[in-house]
file my_file_18.cif (mmCIF, C-alpha atoms and all ligand atoms)
data_target
#
loop_
_atom_site.label_atom_id
_atom_site.label_comp_id
_atom_site.auth_asym_id
_atom_site.auth_seq_id
_atom_site.Cartn_x
_atom_site.Cartn_y
_atom_site.Cartn_z
CA MET A 2 -42.76 137.34 36.29
CA ALA A 3 -45.22 139.69 38.03
CA THR A 4 -48.26 140.59 35.94
CA ASN A 5 -51.57 142.42 36.41
CA GLU A 6 -53.37 139.80 34.33
CA PRO A 7 -55.51 137.49 36.54
CA SER A 8 -54.25 133.92 36.67
CA TRP A 9 -56.51 130.95 35.87
CA SER A 10 -56.69 130.09 39.55
CA GLN A 11 -57.87 133.63 40.32
CA VAL A 12 -60.53 133.41 37.61
CA VAL A 13 -61.73 130.06 38.93
CA GLY A 14 -61.63 131.46 42.48
CA CYS A 15 -63.84 134.40 41.45
CA LEU A 16 -66.30 132.11 39.71
CA VAL A 17 -66.53 129.87 42.79
CA LEU A 18 -66.99 132.91 45.05
CA GLY A 19 -69.69 134.33 42.75
CA LEU A 20 -71.49 131.00 42.72
CA SER A 21 -71.38 130.72 46.51
CA VAL A 22 -72.80 134.23 46.90
CA LEU A 23 -75.55 133.33 44.44
CA LEU A 24 -76.32 130.12 46.33
CA ALA A 25 -76.25 131.93 49.67
CA SER A 26 -78.74 134.49 48.42
CA CYS A 27 -80.91 131.66 47.06
CA SER A 28 -80.84 129.97 50.47
CA ASP A 29 -82.36 133.15 51.94
CA ALA A 30 -85.39 132.54 49.76
CA PRO A 31 -88.40 131.10 51.62
CA SER A 32 -88.22 127.30 51.91
CA THR A 33 -90.33 124.77 53.74
CA THR A 34 -89.57 124.70 57.42
CA CYS A 35 -91.12 123.09 60.47
CA PHE A 36 -92.72 126.47 61.20
CA ASP A 37 -94.95 126.30 58.11
CA VAL A 38 -98.61 125.56 58.80
CA ASP A 39 -98.63 122.50 56.57
CA ALA A 40 -95.18 121.27 57.61
CA ASP A 41 -94.93 117.60 58.42
CA CYS A 42 -91.81 117.54 60.56
CA THR A 43 -90.68 114.84 62.92
CA LEU A 44 -89.59 115.64 66.45
CA GLY A 45 -85.95 115.26 65.44
CA GLU A 46 -86.34 117.59 62.45
CA ALA A 47 -88.05 120.23 64.59
CA ALA A 48 -85.32 119.90 67.20
CA GLY A 49 -82.64 120.32 64.54
CA GLU A 50 -84.36 123.41 63.23
CA VAL A 51 -84.26 125.12 66.64
CA GLY A 52 -80.69 123.96 67.31
CA ARG A 53 -81.57 121.25 69.81
CA PHE A 54 -81.17 117.49 70.18
CA ALA A 55 -84.24 115.31 70.59
CA GLY A 56 -82.85 112.00 71.67
CA THR A 57 -83.74 108.58 72.91
CA THR A 58 -81.90 105.63 74.37
CA SER A 59 -80.79 102.26 73.07
CA GLU A 60 -82.84 99.14 73.77
CA ALA A 61 -81.75 95.94 75.50
CA ARG A 62 -81.83 94.04 72.18
CA GLY A 63 -79.72 96.67 70.50
CA TRP A 64 -80.40 97.98 67.01
CA THR A 65 -81.10 94.62 65.40
CA ASP A 66 -84.72 95.17 66.43
CA GLU A 67 -85.39 96.90 63.11
CA PRO A 68 -88.84 98.40 63.67
CA VAL A 69 -87.37 100.22 66.66
CA GLY A 70 -84.20 101.16 64.79
CA ASP A 71 -86.34 102.66 62.07
CA LEU A 72 -88.49 104.55 64.57
CA VAL A 73 -85.37 106.03 66.15
CA ARG A 74 -83.65 107.06 62.93
CA ARG A 75 -86.82 108.73 61.67
CA ASN A 76 -87.90 110.58 64.81
CA PHE A 77 -84.78 111.55 66.73
CA ASN A 78 -81.46 113.25 66.06
CA SER A 79 -79.54 111.92 69.07
CA VAL A 80 -79.08 108.63 70.87
CA THR A 81 -77.78 107.71 74.34
CA SER A 82 -76.41 104.32 75.33
CA GLN A 83 -78.74 102.98 78.02
CA ASN A 84 -76.62 100.28 79.63
CA GLU A 85 -73.86 99.10 77.32
CA LEU A 86 -71.27 101.72 78.29
CA LYS A 87 -71.71 101.27 82.03
CA TRP A 88 -68.49 100.07 83.66
CA GLY A 89 -70.29 97.01 85.04
CA ALA A 90 -71.64 96.07 81.59
CA LEU A 91 -68.36 96.63 79.74
CA VAL A 92 -66.05 94.80 82.13
CA ARG A 93 -67.84 91.86 83.70
CA THR A 94 -64.50 90.11 84.26
CA ARG A 95 -61.57 92.14 85.61
CA GLY A 96 -59.39 93.27 82.69
CA VAL A 97 -61.71 91.96 79.95
CA TYR A 98 -63.64 94.61 78.03
CA ASP A 99 -66.59 93.57 75.87
CA PHE A 100 -67.38 96.41 73.47
CA ALA A 101 -69.72 94.47 71.18
CA HIS A 102 -73.00 96.13 72.17
CA ALA A 103 -71.44 99.58 72.68
CA ASP A 104 -69.78 99.42 69.24
CA GLU A 105 -73.14 98.54 67.73
CA THR A 106 -74.78 101.60 69.28
CA VAL A 107 -71.99 103.98 68.25
CA ALA A 108 -72.11 102.57 64.70
CA PHE A 109 -75.90 102.99 64.60
CA ALA A 110 -75.53 106.64 65.62
CA GLU A 111 -72.83 107.25 63.01
CA GLU A 112 -74.64 105.48 60.18
CA ASN A 113 -77.75 107.53 60.81
CA GLY A 114 -76.12 110.90 61.50
CA LEU A 115 -77.29 110.99 65.14
CA ARG A 116 -75.41 112.74 67.93
CA MET A 117 -74.09 110.12 70.38
CA ARG A 118 -74.23 110.61 74.19
CA GLY A 119 -72.12 108.20 76.19
CA HIS A 120 -73.76 107.08 79.43
CA VAL A 121 -71.89 106.67 81.81
CA LEU A 122 -68.33 106.51 83.10
CA PHE A 123 -68.87 106.46 86.88
CA TRP A 124 -72.13 105.49 88.60
CA HIS A 125 -72.14 103.75 91.95
CA ARG A 126 -75.69 102.33 91.83
CA LEU A 127 -77.09 99.05 90.42
CA ASN A 128 -74.85 97.67 87.70
CA GLY A 129 -73.00 100.99 87.28
CA PRO A 130 -69.77 99.61 88.77
CA PRO A 131 -68.48 96.12 87.99
CA ALA A 132 -69.16 93.40 90.57
CA TRP A 133 -65.40 92.83 91.06
CA LEU A 134 -64.65 96.45 92.02
CA ASP A 135 -65.45 96.14 95.74
CA ALA A 136 -62.95 93.33 96.17
CA GLU A 137 -60.27 95.31 94.29
CA LEU A 138 -60.71 98.23 96.66
CA ASP A 139 -60.26 95.98 99.68
CA ILE A 140 -56.62 95.44 98.73
CA GLY A 141 -54.27 98.13 100.05
CA ASP A 142 -55.13 101.84 99.80
CA PRO A 143 -58.61 102.10 98.22
CA GLU A 144 -58.18 105.67 96.99
CA ALA A 145 -54.86 104.93 95.28
CA ARG A 146 -56.27 101.75 93.72
CA LEU A 147 -59.41 103.51 92.51
CA ARG A 148 -57.35 106.30 90.96
CA GLU A 149 -55.42 103.69 88.94
CA LEU A 150 -58.56 101.85 87.87
CA MET A 151 -60.33 105.09 86.92
CA ARG A 152 -57.41 106.12 84.72
CA GLU A 153 -57.28 102.73 83.03
CA HIS A 154 -61.06 102.75 82.46
CA VAL A 155 -61.31 106.28 81.06
CA GLU A 156 -58.27 105.89 78.80
CA THR A 157 -59.67 102.62 77.45
CA VAL A 158 -63.26 103.70 76.90
CA VAL A 159 -63.14 107.43 76.15
CA GLY A 160 -59.96 106.83 74.15
CA ARG A 161 -61.64 104.12 72.06
CA TYR A 162 -64.52 106.40 71.08
CA LYS A 163 -62.57 109.65 70.82
CA GLY A 164 -64.27 111.97 68.33
CA ARG A 165 -67.22 109.56 67.97
CA ILE A 166 -68.98 109.96 71.31
CA HIS A 167 -69.58 113.68 71.46
CA THR A 168 -70.95 113.97 74.98
CA TRP A 169 -70.24 111.91 78.10
CA ASP A 170 -72.04 111.57 81.40
CA VAL A 171 -68.85 111.47 83.42
CA VAL A 172 -70.40 111.03 86.84
CA ASN A 173 -73.98 109.97 87.45
CA GLU A 174 -76.16 110.62 90.49
CA PRO A 175 -73.59 111.72 93.06
CA LEU A 176 -76.37 112.63 95.51
CA VAL A 177 -78.45 110.55 97.86
CA LEU A 178 -81.94 110.15 96.32
CA LEU A 179 -84.12 113.23 96.97
CA GLY A 180 -81.43 114.75 99.23
CA ASP A 181 -78.70 117.37 98.98
CA GLN A 182 -75.73 115.35 100.29
CA VAL A 183 -73.36 113.09 98.43
CA ASP A 184 -74.61 109.51 98.77
CA PRO A 185 -72.68 107.98 101.70
CA GLU A 186 -73.27 104.54 100.16
CA SER A 187 -71.25 105.49 97.10
CA MET A 188 -68.06 103.44 96.80
CA PHE A 189 -66.42 106.51 95.30
CA PHE A 190 -67.39 108.61 98.32
CA GLN A 191 -66.09 105.90 100.63
CA ALA A 192 -62.80 105.35 98.79
CA PHE A 193 -61.76 109.00 98.42
CA GLU A 194 -60.78 111.07 101.42
CA ASN A 195 -62.35 114.10 99.65
CA TYR A 196 -65.21 113.39 97.28
CA GLU A 197 -64.35 116.57 95.31
CA ASP A 198 -61.04 114.93 94.38
CA PHE A 199 -62.97 112.02 92.88
CA LEU A 200 -65.12 114.38 90.81
CA ASP A 201 -62.13 116.44 89.66
CA LEU A 202 -60.16 113.35 88.68
CA ALA A 203 -63.06 111.84 86.73
CA PHE A 204 -63.54 115.01 84.67
CA ARG A 205 -59.81 115.61 84.17
CA LEU A 206 -59.22 112.07 82.95
CA ALA A 207 -62.14 112.30 80.51
CA HIS A 208 -60.90 115.65 79.22
CA GLU A 209 -57.38 114.30 78.71
CA ALA A 210 -58.74 111.29 76.81
CA ASP A 211 -60.94 113.38 74.48
CA PRO A 212 -60.44 117.15 74.80
CA ASP A 213 -63.31 117.83 72.37
CA ALA A 214 -65.96 115.78 74.13
CA LYS A 215 -68.61 117.62 76.15
CA LEU A 216 -68.46 116.43 79.74
CA PHE A 217 -71.58 116.30 81.94
CA LEU A 218 -72.51 115.69 85.55
CA ASN A 219 -75.89 113.93 85.51
CA GLU A 220 -78.36 113.94 88.44
CA ILE A 221 -81.70 112.23 88.83
CA PHE A 222 -84.33 114.33 90.64
CA ALA A 223 -82.91 117.88 90.54
CA SER A 224 -85.55 119.21 88.15
CA PHE A 225 -88.46 118.88 90.60
CA ASN A 226 -86.88 118.38 94.03
CA GLN A 227 -85.41 121.42 95.79
CA SER A 228 -82.90 119.49 97.94
CA SER A 229 -81.54 117.61 94.93
CA PHE A 230 -81.18 120.85 93.02
CA ASP A 231 -79.41 122.58 95.94
CA GLY A 232 -76.97 119.72 96.38
CA LEU A 233 -76.27 119.51 92.67
CA TYR A 234 -75.75 123.24 92.36
CA ARG A 235 -73.24 123.19 95.23
CA LEU A 236 -71.23 120.37 93.66
CA VAL A 237 -71.23 121.97 90.23
CA GLN A 238 -70.30 125.40 91.51
CA GLY A 239 -67.34 123.75 93.25
CA LEU A 240 -66.24 122.11 90.00
CA VAL A 241 -66.47 125.41 88.13
CA ASP A 242 -64.64 127.31 90.88
CA ARG A 243 -61.80 124.78 90.84
CA GLY A 244 -61.47 125.03 87.07
CA THR A 245 -62.43 121.39 86.54
CA PRO A 246 -63.25 120.73 82.87
CA ILE A 247 -67.02 120.31 83.14
CA ASP A 248 -69.19 121.43 80.19
CA GLY A 249 -72.68 120.72 81.31
CA VAL A 250 -75.29 119.46 83.73
CA GLY A 251 -77.80 116.72 83.00
CA PHE A 252 -81.25 116.74 84.57
CA GLN A 253 -82.46 113.18 84.16
CA GLY A 254 -86.19 113.77 84.63
CA HIS A 255 -87.69 110.41 85.66
CA TYR A 256 -91.13 111.60 86.73
CA ILE A 257 -92.28 108.86 89.06
CA PHE A 258 -92.15 110.70 92.41
CA GLY A 259 -93.24 114.16 91.33
CA LEU A 260 -93.73 116.45 88.36
CA PRO A 261 -91.82 119.49 87.12
CA GLU A 262 -93.13 123.03 86.72
CA ARG A 263 -92.09 124.84 83.56
CA GLU A 264 -91.05 128.10 85.28
CA VAL A 265 -88.95 126.19 87.80
CA LEU A 266 -87.29 124.21 85.01
CA VAL A 267 -86.42 127.41 83.20
CA GLU A 268 -84.96 128.92 86.39
CA ARG A 269 -82.90 125.83 87.15
CA PHE A 270 -81.56 125.51 83.60
CA GLN A 271 -80.70 129.19 83.65
CA ALA A 272 -78.90 128.86 87.01
CA PHE A 273 -76.36 126.55 85.38
CA ALA A 274 -76.26 128.60 82.20
CA ASP A 275 -75.21 131.53 84.41
CA LEU A 276 -72.24 129.44 85.55
CA GLY A 277 -71.24 129.19 81.88
CA LEU A 278 -72.48 125.63 81.43
CA LEU A 279 -74.69 123.71 79.03
CA VAL A 280 -77.76 121.86 80.22
CA GLU A 281 -79.61 118.80 78.92
CA VAL A 282 -82.59 116.77 79.99
CA THR A 283 -81.00 113.37 79.72
CA GLU A 284 -83.47 110.66 80.78
CA LEU A 285 -87.03 111.86 80.38
CA ASP A 286 -89.96 109.59 81.09
CA VAL A 287 -93.34 110.52 82.58
CA SER A 288 -95.22 107.72 84.29
CA ILE A 289 -99.00 107.82 83.89
CA SER A 290 -99.14 106.75 87.56
CA GLN A 291 -98.63 110.47 88.24
CA PHE A 292 -102.15 111.26 86.98
CA PRO A 293 -104.51 109.08 89.05
CA ASN A 294 -107.42 111.52 88.75
CA ALA A 295 -107.00 112.57 85.13
CA VAL A 296 -109.84 112.05 82.65
CA ASP A 297 -107.20 111.12 80.08
CA PRO A 298 -103.74 110.48 81.58
CA PHE A 299 -102.16 110.70 78.13
CA VAL A 300 -103.33 114.29 77.76
CA SER A 301 -101.86 115.16 81.17
CA GLN A 302 -98.68 113.35 80.19
CA ALA A 303 -98.50 115.38 76.98
CA GLU A 304 -98.67 118.59 79.03
CA VAL A 305 -95.64 117.52 81.06
CA TYR A 306 -93.70 116.64 77.90
CA ALA A 307 -94.59 120.08 76.52
CA ASP A 308 -93.35 121.74 79.72
CA VAL A 309 -90.00 119.96 79.56
CA PHE A 310 -89.33 120.36 75.82
CA GLY A 311 -90.66 123.94 75.97
CA ALA A 312 -88.46 124.93 78.91
CA CYS A 313 -85.43 123.51 77.12
CA SER A 314 -86.27 125.37 73.95
CA GLU A 315 -86.65 128.60 75.91
CA VAL A 316 -83.20 128.51 77.54
CA GLU A 317 -80.36 128.93 75.07
CA ALA A 318 -77.94 126.82 77.09
CA CYS A 319 -80.29 123.83 77.04
CA ILE A 320 -79.12 121.79 74.09
CA GLY A 321 -81.47 118.86 74.16
CA VAL A 322 -83.97 116.46 75.67
CA THR A 323 -83.53 112.69 75.62
CA THR A 324 -86.42 110.34 76.35
CA TRP A 325 -85.55 107.22 78.35
CA ASN A 326 -86.68 104.44 76.05
CA SER A 327 -88.14 105.01 72.65
CA HIS A 328 -91.50 103.29 73.23
CA ASP A 329 -93.67 102.05 76.09
CA GLY A 330 -92.97 98.39 75.38
CA ALA A 331 -89.31 98.88 76.31
CA THR A 332 -89.59 101.02 79.43
CA TRP A 333 -87.33 100.06 82.32
CA LEU A 334 -90.08 101.14 84.77
CA ASP A 335 -92.30 98.16 83.98
CA ARG A 336 -89.39 95.77 84.67
CA ASP A 337 -87.83 97.44 87.70
CA ALA A 338 -88.50 95.60 90.98
CA THR A 339 -89.53 98.83 92.77
CA PHE A 340 -91.81 100.23 90.09
CA ALA A 341 -93.17 97.14 88.30
CA PRO A 342 -96.08 96.78 90.76
CA ARG A 343 -97.45 100.08 89.38
CA ALA A 344 -97.10 98.99 85.72
CA PRO A 345 -97.97 99.85 83.05
CA HIS A 346 -96.22 103.21 83.35
CA SER A 347 -96.54 103.97 79.61
CA PRO A 348 -94.04 106.80 80.10
CA THR A 349 -92.60 107.44 76.61
CA LEU A 350 -93.56 109.20 73.37
CA PHE A 351 -94.62 106.03 71.50
CA ASP A 352 -97.01 103.27 72.54
CA GLU A 353 -96.22 99.56 72.49
CA GLU A 354 -97.23 99.33 68.81
CA LEU A 355 -94.80 102.18 68.07
CA ASN A 356 -97.56 104.71 67.36
CA PRO A 357 -96.92 108.29 68.47
CA LYS A 358 -98.88 109.37 71.55
CA PRO A 359 -100.30 112.86 72.25
CA ALA A 360 -97.02 113.70 73.96
CA TYR A 361 -95.17 113.42 70.63
CA ASP A 362 -96.92 116.32 68.90
CA ALA A 363 -96.95 118.27 72.16
CA ALA A 364 -93.16 117.93 72.50
CA ARG A 365 -92.53 118.96 68.87
CA GLU A 366 -94.82 122.01 69.11
CA ALA A 367 -93.27 123.04 72.44
CA LEU A 368 -89.80 122.98 70.85
CA LEU A 369 -90.91 125.24 68.01
CA GLU A 370 -93.14 127.63 69.95
CA PRO A 371 -90.45 129.85 71.59
CA HIS A 372 -88.81 130.35 68.17
CA ARG A 373 -91.86 131.41 66.15
CA GLY A 374 -91.39 134.87 64.67
O1 LIG B 401 -77.83 92.34 80.50
C1 LIG B 401 -78.44 91.49 81.50
C2 LIG B 401 -78.81 90.21 80.90
O2 LIG B 401 -77.61 89.54 80.51
C3 LIG B 401 -79.59 89.38 81.90
O3 LIG B 401 -80.02 88.20 81.31
C4 LIG B 401 -80.81 90.17 82.39
C5 LIG B 401 -81.58 89.42 83.47
O4 LIG B 401 -82.42 90.28 84.19
O5 LIG B 401 -80.36 91.37 82.95
C6 LIG B 401 -79.69 92.17 82.00
O6 LIG B 401 -79.23 93.36 82.58
C7 LIG B 401 -80.22 94.27 82.98
C8 LIG B 401 -80.04 95.55 82.15
O7 LIG B 401 -80.89 96.56 82.63
C9 LIG B 401 -80.33 95.33 80.66
O8 LIG B 401 -81.66 94.98 80.48
C10 LIG B 401 -79.98 94.59 84.44
O9 LIG B 401 -80.29 93.44 85.21
C11 LIG B 401 -80.84 95.75 84.88
O10 LIG B 401 -80.48 96.13 86.20
C12 LIG B 401 -80.58 96.92 83.97
O11 LIG B 401 -81.42 97.98 84.37
C13 LIG B 401 -81.00 99.26 83.94
C14 LIG B 401 -80.70 100.14 85.15
O12 LIG B 401 -80.41 101.46 84.73
C15 LIG B 401 -79.50 99.62 85.94
O13 LIG B 401 -78.34 99.69 85.17
C16 LIG B 401 -82.12 99.87 83.10
O14 LIG B 401 -82.27 99.12 81.89
C17 LIG B 401 -81.80 101.32 82.75
O15 LIG B 401 -82.91 101.92 82.15
C18 LIG B 401 -81.47 102.08 84.04
O16 LIG B 401 -81.11 103.39 83.69
C19 LIG B 401 -80.81 104.26 84.78
C20 LIG B 401 -79.71 105.18 84.31
O17 LIG B 401 -78.60 104.43 83.92
C21 LIG B 401 -79.33 106.19 85.39
N1 LIG B 401 -80.48 106.92 85.84
C22 LIG B 401 -81.59 106.10 86.30
C23 LIG B 401 -82.02 105.12 85.21
C24 LIG B 401 -83.17 104.26 85.69
O18 LIG B 401 -82.78 103.44 86.75
#
call {"tool": "encode", "arguments": {"input": "my_file_18.cif", "output": "structure tokens"}}
result
Amino acid sequence: MATNEPSWSQVVGCLVLGLSVLLASCSDAPSTTCFDVDADCTLGEAAGEVGRFAGTTSEARGWTDEPVGDLVRRNFNSVTSQNELKWGALVRTRGVYDFAHADETVAFAEENGLRMRGHVLFWHRLNGPPAWLDAELDIGDPEARLRELMREHVETVVGRYKGRIHTWDVVNEPLVLLGDQVDPESMFFQAFENYEDFLDLAFRLAHEADPDAKLFLNEIFASFNQSSFDGLYRLVQGLVDRGTPIDGVGFQGHYIFGLPEREVLVERFQAFADLGLLVEVTELDVSISQFPNAVDPFVSQAEVYADVFGACSEVEACIGVTTWNSHDGATWLDRDATFAPRAPHSPTLFDEELNPKPAYDAAREALLEPHRG
């Protein structure tokens, strides 16, 4: 029977609505934020407050190294797998996936409420591809075989972590180092008649496997080298023009051959934003070898960190900055055959004893500064 009397559910509904309005108006009241003079925010908290990710990468020993795990969960709000999701690390033997380390990283991110970046589906350098792949491509038609293997790999890996890995580096470092052409040494370049078909397929497969994941093309030196930027821009514009499902562009930012300028960073981030894409700084480290004449190299290093975090905070499309290794004791640069002779590089935000360096406060302040009222 129709009646004008309110039902119990309507009464309860009104009470709930009234309470939410009351709570909403309370939340407008001043509360402590990272912008307050006496605020004691971590980098991750400041990043969250300005809608950004401040991330770091997993260590070789995984998250069982508890002092490091604790440092990461307290100071960052995002984590990237450093090696464990590389094709070569996941599938050492043809057909046999070992997800143990990758599962551990994804679980660590979930348990601690950190955004998870998956690095990387297709990378032709070092241990990016599995050792057995070359031999596989020698049998029959290499492009056809690679297409099959790519599909199998993406379905297996992106499918496994669907909804849990929010962002993927789909293709890493397509360009020759410090140049604007696709690397002719790339097995993907060599196997495909048209390299664009390789790129399109990689992104389409990833999108099919997890339509909600953000898909990135990640390049190494494009933030400070003009040729790298030009080559990257050309590739990305092609992807966008062809309607390939790309969401963003990663600027790695390993500063070992040169340093970035803040205005140039802003321009380059904005160039991709104008194509409708997101941007991230995905692998930031700043070697102190870049400051041979500095009175205090750690002060100079802090200025570079401020430039990078500040530029990202200035451009709306830039959603985050990830540092490559959480502390100086874990940096890949001191172990790499090419760069070890110049060690120690001390390139991260924390020293070997896990104490924050000048770059830490500089990065946090640079994130906040463009958003101060
Ligand atoms: O896991 C093996 C281990 O089983 C073995 O005992 C040990 C012996 O040396 O090697 C271990 O693998 C090493 C791995 O790091 C984990 O420590 C590889 O040899 C070594 O090549 C690998 O280096 C990584 C490199 O990529 C190559 O994959 C670095 O840690 C990692 O920081 C670096 O990251 C790359 C990005 O993926 C792409 N952009 C450039 C960046 C720096 O090169």
call {"tool": "closest_residue", "arguments": {"input": "my_file_18.cif", "among": "A:Phe292, A:Phe270, A:Tyr256, A:Tyr196", "to": "A:Tyr306", "atoms": "all atoms listed in the file"}}
result
A:Tyr256
call {"tool": "residues_near_ligand", "arguments": {"input": "my_file_18.cif", "ligand": "ligand LIG 401 (chain B)", "cutoff": "6 Å", "atoms": "all atoms listed in the file", "output": "list in words"}}
result
Ala61, Gln83, Asn84, Leu127, Asn128, Gly129 and Trp333 of chain A
call {"tool": "atom_distance", "arguments": {"input": "my_file_18.cif", "atom1": "atom CA of A:Pro68", "atom2": "atom CA of A:Leu350"}}
result
15.3 Å
call {"tool": "closest_residue", "arguments": {"input": "my_file_18.cif", "among": "A:Leu279, A:Ala364, A:Ala295, A:Leu202", "to": "A:Arg243", "atoms": "only C-alpha atoms"}}
result
A:Leu202
call {"tool": "closest_residue", "arguments": {"input": "my_file_18.cif", "among": "A:Arg235, A:Arg343, A:Lys358, A:Arg116", "to": "A:Asp329", "atoms": "all atoms listed in the file"}}
result
A:Lys358
call {"tool": "residues_around", "arguments": {"input": "my_file_18.cif", "residues": "A:Asp198", "least_positions_apart": "5", "cutoff": "12 Å", "atoms": "only C-alpha atoms", "output": "list in words"}}
result
Glu144, Ala145, Leu147, Arg148, Phe189, Phe190, Ala192, Phe193, Ala203, Phe204, Arg205, Leu206, Leu236, Gly239, Leu240, Arg243 and Thr245 of chain A
call {"tool": "atom_distance", "arguments": {"input": "my_file_18.cif", "atom1": "atom CA of A:Gln227", "atom2": "atom CA of A:Ala307"}}
result
21.4 Å
call {"tool": "atom_distance", "arguments": {"input": "my_file_18.cif", "atom1": "atom CA of A:Arg263", "atom2": "atom CA of A:Val309"}}
result
6.6 Å
call {"tool": "residues_around", "arguments": {"input": "my_file_18.cif", "residues": "A:Leu115", "least_positions_apart": "4", "cutoff": "12 Å", "atoms": "all atoms listed in the file", "output": "PDB file with C-alpha atoms, keeping the file's coordinate frame"}}
result
ATOM      1  CA  GLY A  45     -85.950 115.260  65.440  1.00  0.00           C
ATOM      2  CA  GLU A  46     -86.340 117.590  62.450  1.00  0.00           C
ATOM      3  CA  GLY A  49     -82.640 120.320  64.540  1.00  0.00           C
ATOM      4  CA  PHE A  54     -81.170 117.490  70.180  1.00  0.00           C
ATOM      5  CA  ALA A  55     -84.240 115.310  70.590  1.00  0.00           C
ATOM      6  CA  GLY A  56     -82.850 112.000  71.670  1.00  0.00           C
ATOM      7  CA  THR A  57     -83.740 108.580  72.910  1.00  0.00           C
ATOM      8  CA  THR A  58     -81.900 105.630  74.370  1.00  0.00           C
ATOM      9  CA  VAL A  73     -85.370 106.030  66.150  1.00  0.00           C
ATOM     10  CA  ARG A  74     -83.650 107.060  62.930  1.00  0.00           C
ATOM     11  CA  ARG A  75     -86.820 108.730  61.670  1.00  0.00           C
ATOM     12  CA  ASN A  76     -87.900 110.580  64.810  1.00  0.00           C
ATOM     13  CA  PHE A  77     -84.780 111.550  66.730  1.00  0.00           C
ATOM     14  CA  ASN A  78     -81.460 113.250  66.060  1.00  0.00           C
ATOM     15  CA  SER A  79     -79.540 111.920  69.070  1.00  0.00           C
ATOM     16  CA  VAL A  80     -79.080 108.630  70.870  1.00  0.00           C
ATOM     17  CA  THR A  81     -77.780 107.710  74.340  1.00  0.00           C
ATOM     18  CA  THR A 106     -74.780 101.600  69.280  1.00  0.00           C
ATOM     19  CA  VAL A 107     -71.990 103.980  68.250  1.00  0.00           C
ATOM     20  CA  ALA A 108     -72.110 102.570  64.700  1.00  0.00           C
ATOM     21  CA  PHE A 109     -75.900 102.990  64.600  1.00  0.00           C
ATOM     22  CA  ALA A 110     -75.530 106.640  65.620  1.00  0.00           C
ATOM     23  CA  GLU A 111     -72.830 107.250  63.010  1.00  0.00           C
ATOM     24  CA  ARG A 165     -67.220 109.560  67.970  1.00  0.00           C
ATOM     25  CA  ILE A 166     -68.980 109.960  71.310  1.00  0.00           C
ATOM     26  CA  HIS A 167     -69.580 113.680  71.460  1.00  0.00           C
TER      27      HIS A 167
END
call {"tool": "closest_residue", "arguments": {"input": "my_file_18.cif", "among": "A:Asp181, A:Pro131, A:Val69, A:Asp104", "to": "A:Gly89", "atoms": "all atoms listed in the file"}}
result
A:Pro131
call {"tool": "residues_around", "arguments": {"input": "my_file_18.cif", "residues": "A:Thr94", "least_positions_apart": "2", "cutoff": "9 Å", "atoms": "all atoms listed in the file", "output": "list in words"}}
result
Leu91, Val92, Gly96, Val97, Tyr98, Pro131, Ala132 and Trp133 of chain A
call {"tool": "closest_residue", "arguments": {"input": "my_file_18.cif", "among": "A:Ile289, A:Ile247, A:Leu44, A:Ala90", "to": "A:Phe217", "atoms": "all atoms listed in the file"}}
result
A:Ile247
call {"tool": "closest_residue", "arguments": {"input": "my_file_18.cif", "among": "A:Ile221, A:Ala210, A:Leu355, A:Val155", "to": "A:Gly70", "atoms": "all atoms listed in the file"}}
result
A:Leu355
call {"tool": "residues_around", "arguments": {"input": "my_file_18.cif", "residues": "stretch 367-370 of chain A", "least_positions_apart": "3", "cutoff": "9 Å", "atoms": "only C-alpha atoms", "output": "PyMOL selection string"}}
result
chain A and resi 35-36+44+47-48+50-51+53+306-315+362-364+373
